[in-house]
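Notes for the one structure printed next.
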There are 2 protein chains.
Amino acid sequence: MTAQRQAGHDDGWAQRVRPAGAAFLLAQVGAYAAARFAERINELGLIPADAGVLRMIATRPGRSQQSLAEELGVVPSRVVALVDKLESKGLVERLRNPQDRRNYALHLTATGTQIMARMRGLASAHEDQICAGLDDTQRAQLTGLLEAIAAHQGLAPGVHPGYQQRPR
Amino acid sequence: MTAQRQAGHDDGWAQRVRPAGAAFLLAQVGAYAAARFAERINELGLIPADAGVLRMIATRPGRSQQSLAEELGVVPSRVVALVDKLESKGLVERLRNPQDRRNYALHLTATGTQIMARMRGLASAHEDQICAGLDDTQRAQLTGLLEAIAAHQGLAPGVHPGYQQRPR
DNA sequence: TATTGTTATACTCTATAACTATA
DNA sequence: TATAGTTATAGAGTATAACAATA
């Protein structure tokens, strides 16, 4: 229980604790927000990656797996697994395109559309929970600042970078 | 190249694209910031998890692996692997505690201290890059808002939630 | 030949559980 | 018996590369 000290190279004494900067706070609070959202949609049997794909299909129905792979910055084989899961849960269907039978047109099923509606409700409650420490003015301010950063860094609206693996 | 359409359950037409809320933007920009930071420290041969452990040891030298595991919210066996790596790179040393030979006192080596200094330089540049779209006033505003959320949600200062696995 | 999607495989990360040594 | 740390193992997630079908 007691923390003993021992001679070591670092020891003049502990490093002064610096206040965290905006970038670290962004990563910290962002990861926290993502984890809380993951908890919420877990009750729908989904993980965050599923939610993102579902939303991308809802936003632009009929798109191909390739287009999904490009926008997400992942390899096509991963999209196969992602869509496989959503299809097996009955949320998404692969429709053959008669003009070019190589690709699929992805669509939500009726169930998928219902799940999307529930997800929006969960997202709204999530939003309120995360911003609970702020008043309405501050909340709008925060949104504006984050939008400015996202725009300046060239982040695609609505695309979470969490799909990509380690190197970029 | 042309996106064809196909009859499907979702189709009245595409969902209206909603503006992202603060919570999604937080997760998006936060993950982006984390990824950019990972790129930077990659040149030191480190990944974000290493950086966090290094900083925690620097902040409180002599602490045990157990205390690290608790604060990070991970299982002790994972700390073994984390510290193993840092020790093999010569950044951290395990000192036996003569009073209680069960636990180790973790310390930075001289090299470890140097790496910490370089990390601070990288973090500073990273900070500037992420906030490049904001002026100084906005940057301070953002920091304040994020601190408010972190405090309200009970986030431990300086502890990134990214260590924990999926459930919580 | 080029493109879309799939399968097979290997690799990385992480938790679980059993274990050693010390107390 | 309890605690700090370790090892062995298994599972999940993801990329790579070879492949099949279609153009």
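Every chain in the structure tokens has a letter given in the order shown (A, B, ...), and although residue numbers restart at 1 in each chain, ligands are simply numbered from 1 in the order shown.
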Select from segment 49-130 of chain B everything DSSP, run on the backbone, classes as alpha helix (DSSP H), then give the selection as a VMD selection string.
chain B and resid 49 to 59 65 to 72 76 to 88 110 to 130
Same residues, N, CA and C atoms, output as a compact mmCIF listing (two decimals), in the first residue's frame:
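The resulting again04.txt:
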```
# COMPACT_ATOMS: atom_id res chain seq x y z
N ALA B 49 0.55 3.56 -26.32
CA ALA B 49 0.50 2.89 -25.02
C ALA B 49 1.84 3.03 -24.29
N ASP B 50 2.94 2.91 -25.03
CA ASP B 50 4.26 3.08 -24.44
C ASP B 50 4.42 4.48 -23.87
N ALA B 51 4.00 5.46 -24.66
CA ALA B 51 4.16 6.86 -24.26
C ALA B 51 3.44 7.12 -22.93
N GLY B 52 2.23 6.57 -22.81
CA GLY B 52 1.46 6.79 -21.60
C GLY B 52 2.14 6.18 -20.38
N VAL B 53 2.62 4.96 -20.54
CA VAL B 53 3.28 4.28 -19.42
C VAL B 53 4.55 5.04 -19.03
N LEU B 54 5.29 5.44 -20.03
CA LEU B 54 6.52 6.18 -19.78
C LEU B 54 6.22 7.44 -18.98
N ARG B 55 5.17 8.15 -19.40
CA ARG B 55 4.83 9.38 -18.72
C ARG B 55 4.36 9.13 -17.29
N MET B 56 3.63 8.04 -17.10
CA MET B 56 3.14 7.74 -15.75
C MET B 56 4.29 7.40 -14.81
N ILE B 57 5.30 6.72 -15.35
CA ILE B 57 6.46 6.39 -14.52
C ILE B 57 7.27 7.66 -14.23
N ALA B 58 7.39 8.51 -15.24
CA ALA B 58 8.13 9.75 -15.05
C ALA B 58 7.45 10.64 -13.99
N THR B 59 6.12 10.62 -14.02
CA THR B 59 5.36 11.47 -13.10
C THR B 59 5.45 10.97 -11.67
N GLN B 65 4.05 -2.15 -10.79
CA GLN B 65 3.28 -2.53 -11.96
C GLN B 65 1.80 -2.62 -11.62
N GLN B 66 1.50 -3.09 -10.43
CA GLN B 66 0.11 -3.16 -9.98
C GLN B 66 -0.57 -1.80 -10.04
N SER B 67 0.11 -0.80 -9.51
CA SER B 67 -0.51 0.52 -9.46
C SER B 67 -0.75 1.05 -10.86
N LEU B 68 0.16 0.70 -11.77
CA LEU B 68 -0.03 1.06 -13.17
C LEU B 68 -1.27 0.37 -13.72
N ALA B 69 -1.36 -0.92 -13.46
CA ALA B 69 -2.49 -1.71 -13.97
C ALA B 69 -3.82 -1.13 -13.49
N GLU B 70 -3.86 -0.76 -12.21
CA GLU B 70 -5.10 -0.19 -11.67
C GLU B 70 -5.46 1.12 -12.34
N GLU B 71 -4.48 2.00 -12.43
CA GLU B 71 -4.78 3.32 -12.98
C GLU B 71 -5.16 3.25 -14.46
N LEU B 72 -4.54 2.33 -15.16
CA LEU B 72 -4.84 2.19 -16.59
C LEU B 72 -6.12 1.40 -16.83
N PRO B 76 -2.91 -7.05 -14.88
CA PRO B 76 -1.47 -6.99 -14.59
C PRO B 76 -0.60 -7.64 -15.66
N SER B 77 -1.07 -8.71 -16.25
CA SER B 77 -0.24 -9.40 -17.24
C SER B 77 0.05 -8.49 -18.43
N ARG B 78 -0.85 -7.56 -18.68
CA ARG B 78 -0.59 -6.67 -19.81
C ARG B 78 0.52 -5.69 -19.48
N VAL B 79 0.56 -5.25 -18.22
CA VAL B 79 1.62 -4.34 -17.80
C VAL B 79 2.98 -5.01 -17.93
N VAL B 80 3.01 -6.30 -17.68
CA VAL B 80 4.26 -7.04 -17.85
C VAL B 80 4.80 -6.84 -19.26
N ALA B 81 3.93 -7.05 -20.24
CA ALA B 81 4.36 -6.92 -21.64
C ALA B 81 4.77 -5.48 -21.95
N LEU B 82 3.98 -4.55 -21.45
CA LEU B 82 4.29 -3.13 -21.69
C LEU B 82 5.67 -2.77 -21.12
N VAL B 83 5.90 -3.14 -19.87
CA VAL B 83 7.17 -2.80 -19.21
C VAL B 83 8.32 -3.60 -19.81
N ASP B 84 8.04 -4.87 -20.16
CA ASP B 84 9.07 -5.68 -20.82
C ASP B 84 9.65 -4.94 -22.01
N LYS B 85 8.75 -4.42 -22.84
CA LYS B 85 9.20 -3.74 -24.05
C LYS B 85 10.05 -2.51 -23.71
N LEU B 86 9.56 -1.71 -22.78
CA LEU B 86 10.28 -0.49 -22.43
C LEU B 86 11.63 -0.82 -21.77
N GLU B 87 11.65 -1.91 -21.01
CA GLU B 87 12.90 -2.31 -20.37
C GLU B 87 13.89 -2.81 -21.42
N SER B 88 13.39 -3.58 -22.38
CA SER B 88 14.28 -4.12 -23.41
C SER B 88 14.83 -3.00 -24.29
N ALA B 110 18.44 6.78 -17.73
CA ALA B 110 18.88 8.06 -18.31
C ALA B 110 18.36 8.19 -19.73
N THR B 111 18.44 7.10 -20.49
CA THR B 111 17.89 7.11 -21.85
C THR B 111 16.40 7.39 -21.84
N GLY B 112 15.71 6.74 -20.91
CA GLY B 112 14.27 6.95 -20.80
C GLY B 112 13.93 8.41 -20.56
N THR B 113 14.72 9.05 -19.73
CA THR B 113 14.50 10.47 -19.44
C THR B 113 14.71 11.32 -20.69
N GLN B 114 15.75 10.96 -21.46
CA GLN B 114 15.99 11.67 -22.72
C GLN B 114 14.81 11.51 -23.69
N ILE B 115 14.33 10.26 -23.79
CA ILE B 115 13.20 10.00 -24.69
C ILE B 115 11.98 10.81 -24.26
N MET B 116 11.78 10.89 -22.93
CA MET B 116 10.65 11.68 -22.43
C MET B 116 10.77 13.12 -22.89
N ALA B 117 11.98 13.65 -22.84
CA ALA B 117 12.19 15.03 -23.27
C ALA B 117 11.85 15.19 -24.75
N ARG B 118 12.29 14.23 -25.56
CA ARG B 118 11.97 14.30 -26.98
C ARG B 118 10.47 14.19 -27.20
N MET B 119 9.82 13.34 -26.41
CA MET B 119 8.38 13.18 -26.53
C MET B 119 7.66 14.50 -26.26
N ARG B 120 8.15 15.24 -25.30
CA ARG B 120 7.52 16.52 -25.00
C ARG B 120 7.62 17.47 -26.17
N GLY B 121 8.78 17.44 -26.84
CA GLY B 121 8.93 18.26 -28.04
C GLY B 121 7.94 17.85 -29.12
N LEU B 122 7.83 16.53 -29.33
CA LEU B 122 6.90 16.04 -30.34
C LEU B 122 5.46 16.40 -29.98
N ALA B 123 5.14 16.29 -28.70
CA ALA B 123 3.78 16.59 -28.25
C ALA B 123 3.44 18.06 -28.49
N SER B 124 4.42 18.88 -28.30
CA SER B 124 4.20 20.31 -28.50
C SER B 124 3.92 20.63 -29.97
N ALA B 125 4.73 20.05 -30.85
CA ALA B 125 4.51 20.24 -32.29
C ALA B 125 3.16 19.66 -32.70
N HIS B 126 2.86 18.52 -32.13
CA HIS B 126 1.57 17.86 -32.41
C HIS B 126 0.41 18.78 -32.03
N GLU B 127 0.51 19.31 -30.85
CA GLU B 127 -0.49 20.26 -30.34
C GLU B 127 -0.72 21.41 -31.34
N ASP B 128 0.36 21.97 -31.80
CA ASP B 128 0.26 23.08 -32.76
C ASP B 128 -0.42 22.64 -34.06
N GLN B 129 -0.03 21.43 -34.50
CA GLN B 129 -0.61 20.94 -35.76
C GLN B 129 -2.12 20.75 -35.64
N ILE B 130 -2.53 20.11 -34.54
CA ILE B 130 -3.96 19.82 -34.37
C ILE B 130 -4.77 21.11 -34.26
```
Hey, could you make a per-residue contact list for chain C against chain A with 9 Å as the cut-off, showing the nearest pair of atoms and its distance in Å to one decimal, counting only C-alpha atoms (C1' of nucleotides), sorted by chain and number, as a Markdown table?
```
| residue | atom | partner | partner_atom | distance |
| --- | --- | --- | --- | --- |
| C:DT3 | C1' | A:Arg102 | CA | 7.8 |
| C:DT4 | C1' | A:Arg102 | CA | 5.1 |
| C:DG5 | C1' | A:Asn103 | CA | 7.0 |
| C:DT6 | C1' | A:Ser77 | CA | 7.4 |
```
Selection to disk with N, CA, C and O atoms (P, O5', C5', C4', C3', O3' and C1' of nucleotides), as a PDB file, in the first residue's frame:
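After the write, result_4.pdb holds the following:
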```pdb
ATOM      1  P    DT C   3      -8.656  -1.355 -62.954  1.00  0.00           P
ATOM      2  O5'  DT C   3      -9.953  -2.129 -62.447  1.00  0.00           O
ATOM      3  C5'  DT C   3     -11.180  -1.925 -63.125  1.00  0.00           C
ATOM      4  C4'  DT C   3     -12.283  -2.665 -62.397  1.00  0.00           C
ATOM      5  C3'  DT C   3     -12.281  -2.445 -60.867  1.00  0.00           C
ATOM      6  O3'  DT C   3     -13.619  -2.226 -60.480  1.00  0.00           O
ATOM      7  C1'  DT C   3     -12.257  -4.743 -61.356  1.00  0.00           C
ATOM      8  P    DT C   4     -13.985  -1.714 -59.022  1.00  0.00           P
ATOM      9  O5'  DT C   4     -14.750  -2.971 -58.428  1.00  0.00           O
ATOM     10  C5'  DT C   4     -16.030  -3.343 -58.954  1.00  0.00           C
ATOM     11  C4'  DT C   4     -16.483  -4.609 -58.255  1.00  0.00           C
ATOM     12  C3'  DT C   4     -16.459  -4.524 -56.722  1.00  0.00           C
ATOM     13  O3'  DT C   4     -17.774  -4.779 -56.241  1.00  0.00           O
ATOM     14  C1'  DT C   4     -15.355  -6.496 -57.508  1.00  0.00           C
ATOM     15  P    DG C   5     -18.151  -4.578 -54.702  1.00  0.00           P
ATOM     16  O5'  DG C   5     -17.823  -6.033 -54.137  1.00  0.00           O
ATOM     17  C5'  DG C   5     -18.567  -7.125 -54.666  1.00  0.00           C
ATOM     18  C4'  DG C   5     -17.843  -8.433 -54.377  1.00  0.00           C
ATOM     19  C3'  DG C   5     -17.687  -8.775 -52.888  1.00  0.00           C
ATOM     20  O3'  DG C   5     -18.531  -9.889 -52.613  1.00  0.00           O
ATOM     21  C1'  DG C   5     -15.744  -9.310 -54.163  1.00  0.00           C
ATOM     22  P    DT C   6     -18.639 -10.528 -51.135  1.00  0.00           P
ATOM     23  O5'  DT C   6     -17.494 -11.644 -51.121  1.00  0.00           O
ATOM     24  C5'  DT C   6     -17.608 -12.724 -52.056  1.00  0.00           C
ATOM     25  C4'  DT C   6     -16.458 -13.695 -51.868  1.00  0.00           C
ATOM     26  C3'  DT C   6     -16.263 -14.153 -50.426  1.00  0.00           C
ATOM     27  O3'  DT C   6     -16.592 -15.540 -50.407  1.00  0.00           O
ATOM     28  C1'  DT C   6     -14.184 -13.603 -51.477  1.00  0.00           C
TER      29       DT C   6
END
```
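Distances from B:Asn42, B:Gly62, B:Arg139, B:Ala132 to Leu108 of chain B were compared using only C-alpha atoms, and the smallest one belongs to B:Gly62.
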Counting only C-alpha atoms, a student should be able to say which residues of chain B come within 7 Å of chain A; what is the right answer, written as an NGL selection string?
:B and (3-6 or 8-10 or 14-17 or 20-23 or 25-35 or 58-63 or 105 or 107-110 or 113 or 127 or 130-131 or 133 or 142-143 or 145-146 or 148-150 or 152 or 158 or 160-162 or 168)
Starting from chain D, keep only residues with some atom at most 8 Å from an atom of chain B, counting only C-alpha atoms (C1' of nucleotides), and report them as a count of residues only.
4
